[in-house]
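> To be precise about what I am sending: the file is called entry_29.pdb and holds PDB, C-alpha atoms.
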MODEL        1
ATOM      1  CA  MET O 224      30.192  47.244  -7.576
ATOM      2  CA  PRO O 225      28.850  47.992 -11.093
ATOM      3  CA  ARG O 226      26.610  45.370 -12.710
ATOM      4  CA  PRO O 227      28.381  43.414 -15.478
ATOM      5  CA  LYS O 228      27.443  44.539 -18.958
ATOM      6  CA  SER O 229      24.726  42.420 -20.533
ATOM      7  CA  GLY O 230      25.225  40.942 -23.975
ATOM      8  CA  PRO O 231      23.451  41.788 -27.222
ATOM      9  CA  ARG O 232      19.697  41.229 -26.916
ATOM     10  CA  LEU O 233      16.481  41.605 -28.879
ATOM     11  CA  TRP O 234      14.163  44.547 -28.242
ATOM     12  CA  LEU O 235      10.778  45.110 -29.868
ATOM     13  CA  ASP O 236      10.558  48.756 -30.894
ATOM     14  CA  PRO O 237       6.909  49.635 -30.095
ATOM     15  CA  ALA O 238       6.949  52.642 -32.432
ATOM     16  CA  ARG O 239       8.111  50.674 -35.488
ATOM     17  CA  GLY O 240       6.754  47.263 -34.551
ATOM     18  CA  LYS O 241      10.137  45.806 -35.473
ATOM     19  CA  TYR O 242      12.756  43.861 -33.552
ATOM     20  CA  THR O 243      16.082  45.592 -32.906
ATOM     21  CA  ILE O 244      19.320  44.282 -31.428
ATOM     22  CA  ILE O 245      20.600  46.297 -28.483
ATOM     23  CA  ASP O 246      24.368  45.909 -28.122
ATOM     24  CA  GLY O 247      25.571  48.352 -25.473
ATOM     25  CA  ARG O 248      25.042  51.809 -26.956
ATOM     26  CA  LYS O 249      24.675  50.415 -30.473
ATOM     27  CA  THR O 250      21.400  49.350 -32.091
ATOM     28  CA  VAL O 251      21.052  47.086 -35.114
ATOM     29  CA  ARG O 252      17.797  46.735 -37.029
ATOM     30  CA  THR O 253      16.803  43.165 -37.834
ATOM     31  CA  GLY O 254      14.035  43.967 -40.321
ATOM     32  CA  CYS O 255      11.812  41.425 -38.525
ATOM     33  CA  GLY O 256       8.306  42.402 -37.492
ATOM     34  CA  LYS O 257       6.391  41.576 -34.316
ATOM     35  CA  GLY O 258       5.147  38.270 -35.712
ATOM     36  CA  GLU O 259       8.622  37.149 -36.820
ATOM     37  CA  LEU O 260      10.216  36.344 -33.480
ATOM     38  CA  GLN O 261      11.979  33.206 -34.706
ATOM     39  CA  ALA O 262      13.488  35.086 -37.646
ATOM     40  CA  ALA O 263      14.643  37.795 -35.234
ATOM     41  CA  LYS O 264      16.243  35.145 -33.007
ATOM     42  CA  ASP O 265      18.030  33.704 -36.029
ATOM     43  CA  PHE O 266      19.273  37.203 -36.917
ATOM     44  CA  LEU O 267      20.541  37.663 -33.351
ATOM     45  CA  ARG O 268      22.297  34.299 -33.442
ATOM     46  CA  ASP O 269      24.091  35.239 -36.654
ATOM     47  CA  TYR O 270      24.961  38.638 -35.212
ATOM     48  CA  LEU O 271      26.452  37.052 -32.107
ATOM     49  CA  ALA O 272      28.456  34.606 -34.187
ATOM     50  CA  GLU O 273      29.936  37.512 -36.156
ATOM     51  CA  HIS O 274      30.398  40.174 -33.472
ATOM     52  CA  HIS O 275      30.300  38.636 -30.006
ATOM     53  CA  THR O 276      33.442  37.185 -28.432
ATOM     54  CA  ILE O 277      33.041  34.749 -25.578
ATOM     55  CA  LYS O 278      35.388  35.712 -22.781
ATOM     56  CA  ALA O 279      36.441  33.786 -19.701
ATOM     57  CA  GLY O 280      34.965  34.964 -16.442
ATOM     58  CA  THR O 281      33.606  34.094 -13.040
ATOM     59  CA  ASP O 282      30.087  35.345 -13.851
ATOM     60  CA  PRO O 283      29.529  34.826 -17.590
ATOM     61  CA  LEU O 284      26.415  35.405 -19.620
ATOM     62  CA  ILE O 285      24.316  32.263 -19.602
ATOM     63  CA  ALA O 286      24.084  32.533 -23.406
ATOM     64  CA  ASP O 287      27.882  32.175 -23.514
ATOM     65  CA  MET O 288      27.806  29.202 -21.167
ATOM     66  CA  LEU O 289      25.225  27.449 -23.315
ATOM     67  CA  THR O 290      27.236  28.133 -26.484
ATOM     68  CA  VAL O 291      30.439  26.713 -25.007
ATOM     69  CA  TYR O 292      28.550  23.675 -23.695
ATOM     70  CA  ALA O 293      26.945  23.069 -27.087
ATOM     71  CA  ASP O 294      30.184  23.487 -29.052
ATOM     72  CA  LEU O 295      32.593  21.615 -26.801
ATOM     73  CA  GLN O 296      30.453  19.032 -25.021
ATOM     74  CA  ILE O 297      27.361  18.277 -27.109
ATOM     75  CA  ALA O 298      28.442  18.687 -30.740
ATOM     76  CA  GLY O 299      28.804  15.378 -32.556
ATOM     77  CA  LYS O 300      26.798  13.317 -30.093
ATOM     78  CA  PRO O 301      23.781  11.303 -31.312
ATOM     79  CA  SER O 302      21.417  13.412 -29.219
ATOM     80  CA  ALA O 303      22.947  16.751 -30.294
ATOM     81  CA  ASP O 304      19.940  17.873 -32.363
ATOM     82  CA  SER O 305      17.367  17.259 -29.641
ATOM     83  CA  ILE O 306      19.569  18.840 -26.951
ATOM     84  CA  ALA O 307      20.107  21.858 -29.205
ATOM     85  CA  ARG O 308      16.360  22.529 -29.159
ATOM     86  CA  ASP O 309      16.399  22.511 -25.360
ATOM     87  CA  LEU O 310      19.351  24.913 -25.331
ATOM     88  CA  VAL O 311      17.494  27.285 -27.658
ATOM     89  CA  ASN O 312      14.550  27.339 -25.238
ATOM     90  CA  LEU O 313      16.914  28.016 -22.353
ATOM     91  CA  GLU O 314      18.696  30.811 -24.180
ATOM     92  CA  GLY O 315      15.423  32.547 -24.984
ATOM     93  CA  TRP O 316      14.663  33.091 -21.285
ATOM     94  CA  TRP O 317      18.039  32.799 -19.541
ATOM     95  CA  GLY O 318      20.401  34.097 -22.221
ATOM     96  CA  GLU O 319      20.741  37.676 -20.993
ATOM     97  CA  LYS O 320      21.131  36.617 -17.370
ATOM     98  CA  ARG O 321      24.390  35.783 -15.647
ATOM     99  CA  ALA O 322      25.577  32.566 -14.033
ATOM    100  CA  SER O 323      24.956  34.123 -10.630
ATOM    101  CA  ASP O 324      21.256  34.385 -11.572
ATOM    102  CA  ILE O 325      20.855  30.612 -11.577
ATOM    103  CA  ASN O 326      18.920  30.128  -8.366
ATOM    104  CA  VAL O 327      15.752  28.499  -7.084
ATOM    105  CA  ASP O 328      13.513  31.542  -7.580
ATOM    106  CA  ASN O 329      14.537  32.046 -11.206
ATOM    107  CA  CYS O 330      14.142  28.340 -11.916
ATOM    108  CA  LYS O 331      10.579  28.486 -10.583
ATOM    109  CA  GLN O 332       9.877  31.549 -12.751
ATOM    110  CA  TYR O 333      11.225  29.688 -15.778
ATOM    111  CA  ILE O 334       9.006  26.687 -15.041
ATOM    112  CA  ALA O 335       5.978  28.984 -14.811
ATOM    113  CA  HIS O 336       7.003  30.674 -18.064
ATOM    114  CA  ARG O 337       7.384  27.387 -19.947
ATOM    115  CA  ASN O 338       4.296  25.751 -18.371
ATOM    116  CA  ALA O 339       5.725  22.326 -19.210
ATOM    117  CA  PRO O 340       7.096  20.756 -16.003
ATOM    118  CA  THR O 341       8.385  17.545 -17.579
ATOM    119  CA  ILE O 342      10.280  19.392 -20.302
ATOM    120  CA  CYS O 343      11.543  21.969 -17.789
ATOM    121  CA  ARG O 344      13.036  19.216 -15.670
ATOM    122  CA  ARG O 345      15.195  18.168 -18.621
ATOM    123  CA  GLU O 346      16.031  21.703 -19.720
ATOM    124  CA  ILE O 347      17.063  22.878 -16.251
ATOM    125  CA  GLY O 348      19.262  19.796 -16.056
ATOM    126  CA  PHE O 349      21.077  20.999 -19.177
ATOM    127  CA  LEU O 350      21.328  24.516 -17.723
ATOM    128  CA  HIS O 351      23.045  23.113 -14.640
ATOM    129  CA  ALA O 352      25.292  20.908 -16.792
ATOM    130  CA  ALA O 353      26.331  23.921 -18.893
ATOM    131  CA  ALA O 354      27.202  25.914 -15.771
ATOM    132  CA  MET O 355      29.274  23.078 -14.325
ATOM    133  CA  PHE O 356      31.013  22.540 -17.671
ATOM    134  CA  TRP O 357      32.041  26.219 -17.726
ATOM    135  CA  HIS O 358      33.180  25.985 -14.104
ATOM    136  CA  LYS O 359      35.475  23.025 -14.855
ATOM    137  CA  THR O 360      36.739  24.130 -18.292
ATOM    138  CA  PRO O 361      40.239  25.631 -18.288
ATOM    139  CA  LYS O 362      40.421  29.237 -19.494
ATOM    140  CA  LYS O 363      36.647  29.669 -18.983
ATOM    141  CA  GLY O 364      35.852  29.272 -15.283
ATOM    142  CA  PRO O 365      35.749  28.815 -12.422
ATOM    143  CA  LEU O 366      32.451  30.377 -11.438
ATOM    144  CA  ALA O 367      32.361  32.744  -8.490
ATOM    145  CA  THR O 368      28.963  31.429  -7.389
ATOM    146  CA  MET O 369      27.902  27.821  -7.783
ATOM    147  CA  PRO O 370      24.464  27.433  -9.406
ATOM    148  CA  VAL O 371      21.557  26.242  -7.279
ATOM    149  CA  VAL O 372      18.736  24.843  -9.400
ATOM    150  CA  PHE O 373      15.197  23.697  -8.767
ATOM    151  CA  LYS O 374      13.571  21.047 -10.962
ATOM    152  CA  PRO O 375       9.973  19.812 -10.945
ATOM    153  CA  ALA O 376       9.470  16.411  -9.368
ATOM    154  CA  ALA O 377       9.652  13.567 -11.866
ATOM    155  CA  LYS O 378       6.315  12.037 -12.769
ATOM    156  CA  ARG O 379       6.309   8.517 -14.115
ATOM    157  CA  ARG O 380       3.851   8.295 -16.981
ATOM    158  CA  THR O 381       2.645   4.848 -17.972
ATOM    159  CA  ARG O 382      -0.449   5.710 -20.002
ATOM    160  CA  TRP O 383      -1.066   2.912 -22.480
ATOM    161  CA  LEU O 384      -3.603   2.350 -25.227
ATOM    162  CA  THR O 385      -6.146  -0.440 -25.339
ATOM    163  CA  ARG O 386      -6.655  -2.116 -28.707
ATOM    164  CA  SER O 387      -9.925  -0.231 -29.024
ATOM    165  CA  GLU O 388      -8.165   3.110 -28.470
ATOM    166  CA  ALA O 389      -5.460   2.172 -30.964
ATOM    167  CA  ALA O 390      -8.130   1.391 -33.537
ATOM    168  CA  ARG O 391      -9.803   4.764 -32.869
ATOM    169  CA  PHE O 392      -6.507   6.552 -33.413
ATOM    170  CA  LEU O 393      -5.835   4.823 -36.732
ATOM    171  CA  TRP O 394      -9.430   5.340 -37.861
ATOM    172  CA  ALA O 395      -9.158   9.057 -37.119
ATOM    173  CA  THR O 396      -6.238   9.399 -39.540
ATOM    174  CA  ARG O 397      -8.665   9.030 -42.448
ATOM    175  CA  LYS O 398      -9.532  12.730 -41.987
ATOM    176  CA  LEU O 399      -5.913  13.840 -42.539
ATOM    177  CA  LEU O 400      -4.349  14.813 -45.838
ATOM    178  CA  PRO O 401      -3.083  11.696 -47.699
ATOM    179  CA  ALA O 402       0.646  12.344 -47.177
ATOM    180  CA  THR O 403       0.179  13.166 -43.488
ATOM    181  CA  ARG O 404      -2.124  10.176 -43.029
ATOM    182  CA  ARG O 405       0.511   7.866 -44.510
ATOM    183  CA  ARG O 406       3.271   9.192 -42.247
ATOM    184  CA  ILE O 407       1.314   9.118 -38.988
ATOM    185  CA  ARG O 408      -0.116   5.639 -39.655
ATOM    186  CA  ARG O 409       3.323   4.212 -40.368
ATOM    187  CA  PHE O 410       4.763   5.958 -37.321
ATOM    188  CA  PHE O 411       2.008   4.503 -35.138
ATOM    189  CA  ILE O 412       2.300   0.961 -36.528
ATOM    190  CA  ILE O 413       6.084   0.764 -36.070
ATOM    191  CA  GLY O 414       5.788   2.113 -32.523
ATOM    192  CA  TRP O 415       2.869  -0.157 -31.662
ATOM    193  CA  TYR O 416       4.607  -3.357 -32.793
ATOM    194  CA  THR O 417       8.151  -2.606 -31.564
ATOM    195  CA  GLY O 418       7.906  -0.145 -28.656
ATOM    196  CA  THR O 419      10.712   1.873 -30.237
ATOM    197  CA  ARG O 420      11.258   5.324 -28.737
ATOM    198  CA  HIS O 421       9.517   7.894 -30.882
ATOM    199  CA  LYS O 422      12.686   9.817 -31.787
ATOM    200  CA  ALA O 423      14.173   6.693 -33.346
ATOM    201  CA  ILE O 424      11.130   5.563 -35.320
ATOM    202  CA  SER O 425      11.266   8.221 -38.028
ATOM    203  CA  GLY O 426      14.988   7.672 -38.638
ATOM    204  CA  VAL O 427      14.607   4.020 -39.604
ATOM    205  CA  GLU O 428      15.895   3.373 -43.145
ATOM    206  CA  TYR O 429      14.770   0.669 -45.542
ATOM    207  CA  ASP O 430      18.066  -0.706 -46.839
ATOM    208  CA  SER O 431      20.486  -0.244 -43.948
ATOM    209  CA  MET O 432      18.224  -0.811 -40.949
ATOM    210  CA  ILE O 433      15.408  -3.155 -42.044
ATOM    211  CA  ASP O 434      16.171  -6.728 -43.105
ATOM    212  CA  LEU O 435      13.002  -8.317 -44.430
ATOM    213  CA  GLU O 436      14.662 -11.748 -44.648
ATOM    214  CA  THR O 437      16.074 -12.059 -41.133
ATOM    215  CA  ARG O 438      13.190  -9.917 -39.740
ATOM    216  CA  ILE O 439      15.642  -7.751 -37.812
ATOM    217  CA  MET O 440      15.180  -3.986 -37.524
ATOM    218  CA  LEU O 441      17.989  -1.771 -36.293
ATOM    219  CA  ARG O 442      16.973   1.233 -34.242
ATOM    220  CA  ARG O 443      20.055   3.327 -34.965
ATOM    221  CA  PRO O 444      22.290   3.619 -38.060
ATOM    222  CA  ALA O 445      25.376   1.412 -38.239
ATOM    223  CA  GLY O 446      28.274   3.064 -36.457
ATOM    224  CA  ALA O 447      26.094   5.495 -34.509
ATOM    225  CA  GLU O 448      27.043   5.829 -30.854
ATOM    226  CA  GLU O 449      24.714   4.234 -28.314
ATOM    227  CA  THR O 450      23.196   6.559 -25.726
ATOM    228  CA  THR O 451      21.633   6.034 -22.317
ATOM    229  CA  LYS O 452      18.313   5.679 -24.182
ATOM    230  CA  ARG O 453      19.200   2.242 -25.461
ATOM    231  CA  THR O 454      18.274   1.364 -29.041
ATOM    232  CA  PRO O 455      19.080  -2.349 -29.565
ATOM    233  CA  PRO O 456      17.975  -4.320 -32.644
ATOM    234  CA  VAL O 457      14.473  -5.756 -32.480
ATOM    235  CA  LYS O 458      12.910  -8.735 -34.227
ATOM    236  CA  MET O 459       9.858  -7.851 -36.293
ATOM    237  CA  GLY O 460       6.669  -9.855 -35.960
ATOM    238  CA  SER O 461       4.641 -11.091 -38.925
ATOM    239  CA  ARG O 462       2.126  -8.228 -38.772
ATOM    240  CA  LEU O 463       4.758  -5.489 -38.898
ATOM    241  CA  LEU O 464       6.694  -7.422 -41.518
ATOM    242  CA  SER O 465       3.677  -7.552 -43.836
ATOM    243  CA  HIS O 466       3.192  -3.794 -43.455
ATOM    244  CA  LEU O 467       6.839  -3.065 -44.260
ATOM    245  CA  ARG O 468       6.808  -5.283 -47.347
ATOM    246  CA  ARG O 469       3.705  -3.524 -48.621
ATOM    247  CA  TRP O 470       5.154  -0.069 -47.922
ATOM    248  CA  ARG O 471       8.330  -1.046 -49.765
ATOM    249  CA  ARG O 472       6.341  -2.045 -52.825
ATOM    250  CA  LEU O 473       4.318   1.173 -52.731
ATOM    251  CA  ASP O 474       7.324   3.454 -52.167
ATOM    252  CA  GLY O 475       9.633   1.874 -54.726
ATOM    253  CA  LEU O 476      13.261   0.847 -54.415
ATOM    254  CA  ASP O 477      14.513   4.435 -54.501
ATOM    255  CA  ALA O 478      12.765   5.376 -51.246
ATOM    256  CA  ARG O 479      15.116   5.659 -48.299
ATOM    257  CA  TYR O 480      12.731   5.961 -45.355
ATOM    258  CA  PRO O 481       9.334   4.374 -44.608
ATOM    259  CA  ILE O 482       8.387   7.678 -42.936
ATOM    260  CA  GLN O 483       9.578  10.565 -45.077
ATOM    261  CA  ARG O 484       8.803  14.081 -46.188
ATOM    262  CA  GLY O 485      10.386  15.449 -49.337
ATOM    263  CA  GLY O 486      12.805  12.523 -49.547
ATOM    264  CA  LYS O 487      14.083  13.079 -46.001
ATOM    265  CA  ALA O 488      13.187  11.456 -42.709
ATOM    266  CA  ALA O 489      10.045  13.061 -41.258
ATOM    267  CA  ARG O 490      11.395  13.700 -37.767
ATOM    268  CA  ASP O 491       8.650  15.873 -36.309
ATOM    269  CA  MET O 492       5.308  14.110 -35.954
ATOM    270  CA  GLY O 493       4.006  16.335 -33.175
ATOM    271  CA  GLU O 494       1.419  18.369 -35.066
ATOM    272  CA  ALA O 495       0.007  15.358 -36.927
ATOM    273  CA  TRP O 496      -0.081  13.348 -33.708
ATOM    274  CA  ARG O 497      -1.947  16.037 -31.770
ATOM    275  CA  LYS O 498      -4.484  16.536 -34.547
ATOM    276  CA  THR O 499      -5.164  12.805 -34.836
ATOM    277  CA  ARG O 500      -5.433  12.460 -31.069
ATOM    278  CA  THR O 501      -8.075  15.184 -31.006
ATOM    279  CA  LEU O 502     -10.002  13.605 -33.877
ATOM    280  CA  ALA O 503      -9.927  10.263 -32.053
ATOM    281  CA  GLY O 504     -11.238  11.839 -28.849
ATOM    282  CA  LEU O 505      -8.252  10.691 -26.798
ATOM    283  CA  SER O 506      -6.835  12.549 -23.800
ATOM    284  CA  LYS O 507      -3.774  14.796 -23.967
ATOM    285  CA  ASP O 508      -1.683  12.306 -22.015
ATOM    286  CA  VAL O 509      -1.632  10.116 -25.133
ATOM    287  CA  THR O 510       1.752  11.111 -26.567
ATOM    288  CA  PRO O 511       4.048   9.364 -29.072
ATOM    289  CA  HIS O 512       5.854   7.794 -26.092
ATOM    290  CA  THR O 513       2.549   6.126 -25.179
ATOM    291  CA  LEU O 514       3.260   3.619 -27.960
ATOM    292  CA  ARG O 515       6.242   2.355 -25.981
ATOM    293  CA  HIS O 516       4.174   2.008 -22.809
ATOM    294  CA  SER O 517       1.486   0.229 -24.804
ATOM    295  CA  ARG O 518       3.918  -2.302 -26.262
ATOM    296  CA  ALA O 519       5.386  -3.111 -22.853
ATOM    297  CA  THR O 520       1.943  -3.409 -21.273
ATOM    298  CA  HIS O 521       0.493  -5.690 -23.936
ATOM    299  CA  MET O 522       3.540  -7.974 -23.868
ATOM    300  CA  MET O 523       3.059  -8.422 -20.137
ATOM    301  CA  ARG O 524      -0.674  -9.004 -20.563
ATOM    302  CA  GLN O 525       0.135 -11.718 -23.127
ATOM    303  CA  ARG O 526       2.592 -13.479 -20.781
ATOM    304  CA  VAL O 527       5.675 -12.737 -22.890
ATOM    305  CA  ASP O 528       8.835 -13.825 -21.078
ATOM    306  CA  PRO O 529      10.155 -10.734 -19.204
ATOM    307  CA  TRP O 530      13.719 -11.278 -20.452
ATOM    308  CA  GLN O 531      12.575 -11.343 -24.087
ATOM    309  CA  ALA O 532      10.255  -8.378 -23.597
ATOM    310  CA  ALA O 533      12.960  -6.288 -21.914
ATOM    311  CA  LYS O 534      15.499  -7.017 -24.635
ATOM    312  CA  ALA O 535      12.985  -6.165 -27.363
ATOM    313  CA  LEU O 536      12.201  -2.841 -25.683
ATOM    314  CA  GLY O 537      15.768  -1.949 -24.782
ATOM    315  CA  MET O 538      15.288  -1.755 -21.034
ATOM    316  CA  GLY O 539      16.376  -3.780 -18.025
ATOM    317  CA  VAL O 540      14.287  -6.671 -16.779
ATOM    318  CA  LYS O 541      14.136  -5.013 -13.365
ATOM    319  CA  MET O 542      12.653  -1.834 -14.842
ATOM    320  CA  LEU O 543      10.144  -3.812 -16.917
ATOM    321  CA  VAL O 544       8.926  -5.810 -13.926
ATOM    322  CA  GLU O 545       8.754  -2.796 -11.604
ATOM    323  CA  VAL O 546       6.808  -0.596 -14.031
ATOM    324  CA  TYR O 547       4.746  -3.055 -16.079
ATOM    325  CA  GLY O 548       4.854  -6.334 -14.151
ATOM    326  CA  HIS O 549       1.431  -5.823 -12.551
ATOM    327  CA  HIS O 550      -0.161  -6.215 -16.003
ATOM    328  CA  HIS O 551       0.978  -9.858 -16.171
ATOM    329  CA  PRO O 552      -2.017 -12.176 -15.536
ATOM    330  CA  ASP O 553       0.027 -14.225 -13.023
ATOM    331  CA  TRP O 554       1.259 -11.175 -11.077
ATOM    332  CA  GLN O 555       1.176 -11.943  -7.316
ATOM    333  CA  ASN O 556      -1.230 -14.859  -7.845
ATOM    334  CA  GLU O 557       0.415 -17.090  -5.256
ATOM    335  CA  ALA O 558       0.796 -14.217  -2.805
ATOM    336  CA  ALA O 559      -2.858 -13.317  -3.174
ATOM    337  CA  GLU O 560      -4.015 -16.881  -2.512
ATOM    338  CA  ALA O 561      -1.746 -17.497   0.485
ATOM    339  CA  ARG O 562      -3.684 -18.375   3.674
TER     340      ARG O 562
ENDMDL
END
Would you kindly transcribe this structure into structure tokens?

Amino acid sequence: MPRPKSGPRLWLDPARGKYTIIDGRKTVRTGCGKGELQAAKDFLRDYLAEHHTIKAGTDPLIADMLTVYADLQIAGKPSADSIARDLVNLEGWWGEKRASDINVDNCKQYIAHRNAPTICRREIGFLHAAAMFWHKTPKKGPLATMPVVFKPAAKRRTRWLTRSEAARFLWATRKLLPATRRRIRRFFIIGWYTGTRHKAISGVEYDSMIDLETRIMLRRPAGAEETTKRTPPVKMGSRLLSHLRRWRRLDGLDARYPIQRGGKAARDMGEAWRKTRTLAGLSKDVTPHTLRHSRATHMMRQRVDPWQAAKALGMGVKMLVEVYGHHHPDWQNEAAEAR
């Protein structure tokens, strides 16, 4: 049986040092050099949108599966932007393969290629979801072969910062450029005092999400759909409140976001975070999500009522107690002293 025709793909012409699109017997020059891979990928995406027709089939291109999943299942959801980045990573390695190529061996090769087990676990989950969506979608599937995936084992990370480490991190920001220093300090302070998930911190708006009178901060815009990563309102303490009032005065009434770049929300803090972490001499397991672990840990250490702490963090009491309960000074006291 002949192998199904592969879809359009990028090829680096070694003689010219330029990327070319191979589409069957046709070649299309992208004009992008060896160091312009992202631009070449963008060119290919536009080319596919203009020339490639997604057809139903029992063994489709994985690139087609991901496109259908993104357009019909993910588009419009609150997490669409972050999922789209995962789908782009998947398409870069899996795109030219077929649904029948989704197996344990290829999953392990992908994990080795990405060298990021935690991220791969999420991305392979989306790959499987895209395959199953195609299989169940009328006029697309069903698939001839059901996908068999392999995902790295989940590792629970609970790294938290001591007050001394937090101070080192903030002190290290003094070596950053002023605008970057302002953004990363504000990001850190909001995360430290609220435990808000890092993807929600940068989207907080002054007027619609922060009420300096009632001391309530919303973690998602009004009307936005709630996700499994819960983002309930949180009450701001006096320390965070004083910071926000000062930032408001400094930014002026026209500013929309406490953390902004060019008038827009500064969503990506990764580079600034990593640089500051290095300057502070902290280990690589200190990520933006560490702020959430730190908030939960310090609330337990300060004997905050578990119900209040869980509601402030947006997690269940059971989860809080299981993961962070051992930090409470009274944890297992009676059990330990039993004779």
> Please evaluate the PyMOL selection byres ((chain O and resi 389) around 10) against the displayed coordinates and give the resulting residues as a PyMOL selection string.
chain O and resi 383-388+390-395+411-412+415+503+505+514+517
> Carefully work through the PyMOL selection byres ((chain O and resi 277-281) around 7) for this structure and note down the residues it includes, as JSON, numbers by chain.
{"O": [275, 276, 282, 283, 287, 362, 363, 364, 365, 366, 367]}
> Once 8 Å is added on each side, what centre and edge lengths in Å to one decimal does the axis-aligned box around all listed atoms of range 344-356 of chain O have, as AutoDock Vina command-line options?

--center_x 22.0 --center_y 22.0 --center_z -17.0 --size_x 34.0 --size_y 23.7 --size_z 21.4
> The PyMOL selection byres ((chain O and resi 245) around 7) on the file shown: which residues, as a PyMOL selection string?
chain O and resi 231-234+243-244+246-247+249-251
> For Thr520 in chain O, which residue among O:Tyr480, O:Phe356, O:Tyr429, O:Tyr416 is the nearest when counting all atoms listed in the file?
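When distances to Thr520 in chain O are compared using all atoms listed in the file, the smallest one comes from O:Tyr416.
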> Determine, using all atoms listed in the file, which residues of range 314-432 of chain O have any atom at most 10 Å from an atom of range 538-559 of chain O, and tabulate each with its shortest atom pair and distance in Å to one decimal place, rows ordered by chain and then rising number, as CSV.

residue,atom,partner,partner_atom,distance
O:Arg379,CA,O:Val546,CA,9.1
O:Arg380,CA,O:Val546,CA,9.8
O:Thr381,CA,O:Val546,CA,7.9
> Quick one: residues within 9 Å of range 490-492 of chain O, all atoms listed in the file counted, chain neighbours fewer than 6 positions away excluded, as JSON, numbers by chain?
{"O": [406, 407, 410, 422, 423, 424, 425, 426, 482, 483, 484, 511]}
> Hey, what's within 10 Å of Leu310 in chain O if we count only C-alpha atoms and toss same-chain stuff fewer than 6 positions away? As a ChimeraX atom specification, please?
/O:286,289-290,292-293,304,317-318,346-347,349-350,353
> Name the closest residue to Ala263 in chain O among the candidates O:Met355, O:Leu235, O:Ile285, O:Leu502; distances are taken between atoms, counting only C-alpha atoms.
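When distances to Ala263 in chain O are compared using only C-alpha atoms, the smallest one comes from O:Leu235.
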> Just want the 9 Å neighbourhood of Gly240 in chain O, counted on only C-alpha atoms, with same-chain residues fewer than 6 positions away dropped. Output as a VMD selection string.
chain O and resid 255 to 257
> For CA of Pro340 in chain O and CA of Lys378 in chain O, quote the distance in Å rounded to one decimal.
9.3 Å
> Do you have the CA of Met522 in chain O-CA of Gly460 in chain O distance handy?
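Calculated distance between CA of Met522 in chain O and CA of Gly460 in chain O is 12.6 Å.
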> Suppose you want the space between CA of His274 in chain O and CA of Met288 in chain O; what is it in Å?
16.7 Å
> Could you check the closest approach to Ser506 in chain O for each of O:Arg382, O:Arg453, O:Arg404, O:Lys487 and tell me which residue wins, using only C-alpha atoms?
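Selected residue with least distance to Ser506 in chain O: O:Arg382.
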> Which of these residues is nearest to Val291 in chain O, using all atoms listed in the file: O:Ile439, O:Ala354, O:Ala238, O:Ile334?
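So, comparing all the options, the nearest one is O:Ala354.
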> Tell me which of O:Leu536, O:Asn312, O:Gly485, O:Leu271 sits closest to Arg420 in chain O, counting all atoms listed in the file.
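So, comparing all the options, the nearest one is O:Leu536.
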> Excluding Leu441 in chain O and its own-chain neighbours fewer than 5 positions away, which residues fall within 8 Å of it when counting all atoms listed in the file? Please give them as a PyMOL selection string.
chain O and resi 427+432-433+454-457
> Restricting the calculation to only C-alpha atoms, which member of O:Ile325, O:Ala352, O:Ala303, O:Ala495 is positioned closest to Lys398 in chain O?
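Under the stated criterion, the closest residue is O:Ala495.
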> Please rebuild range 296-305 of chain O with N, CA and C atoms and return the result as an mmCIF file, keeping the file's coordinate frame.

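result.cif, written as the output of this step:
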data_model
loop_
_atom_site.group_PDB
_atom_site.id
_atom_site.type_symbol
_atom_site.label_atom_id
_atom_site.label_comp_id
_atom_site.auth_asym_id
_atom_site.auth_seq_id
_atom_site.Cartn_x
_atom_site.Cartn_y
_atom_site.Cartn_z
ATOM 1 N N GLN O 296 30.901 20.228 -25.721
ATOM 2 C CA GLN O 296 30.453 19.032 -25.021
ATOM 3 C C GLN O 296 29.396 18.247 -25.785
ATOM 4 N N ILE O 297 28.509 18.938 -26.480
ATOM 5 C CA ILE O 297 27.361 18.277 -27.109
ATOM 6 C C ILE O 297 27.574 17.968 -28.585
ATOM 7 N N ALA O 298 28.273 18.842 -29.291
ATOM 8 C CA ALA O 298 28.442 18.687 -30.740
ATOM 9 C C ALA O 298 28.987 17.303 -31.093
ATOM 10 N N GLY O 299 28.358 16.673 -32.083
ATOM 11 C CA GLY O 299 28.804 15.378 -32.556
ATOM 12 C C GLY O 299 28.176 14.191 -31.871
ATOM 13 N N LYS O 300 27.442 14.426 -30.780
ATOM 14 C CA LYS O 300 26.798 13.317 -30.093
ATOM 15 C C LYS O 300 25.471 12.965 -30.770
ATOM 16 N N PRO O 301 25.032 11.711 -30.645
ATOM 17 C CA PRO O 301 23.781 11.303 -31.312
ATOM 18 C C PRO O 301 22.577 12.149 -30.924
ATOM 19 N N SER O 302 22.566 12.634 -29.701
ATOM 20 C CA SER O 302 21.417 13.412 -29.219
ATOM 21 C C SER O 302 21.605 14.914 -29.396
ATOM 22 N N ALA O 303 22.613 15.329 -30.174
ATOM 23 C CA ALA O 303 22.947 16.751 -30.294
ATOM 24 C C ALA O 303 21.770 17.585 -30.793
ATOM 25 N N ASP O 304 21.042 17.092 -31.784
ATOM 26 C CA ASP O 304 19.940 17.873 -32.363
ATOM 27 C C ASP O 304 18.833 18.119 -31.353
ATOM 28 N N SER O 305 18.458 17.085 -30.612
ATOM 29 C CA SER O 305 17.367 17.259 -29.641
ATOM 30 C C SER O 305 17.817 18.142 -28.478
#
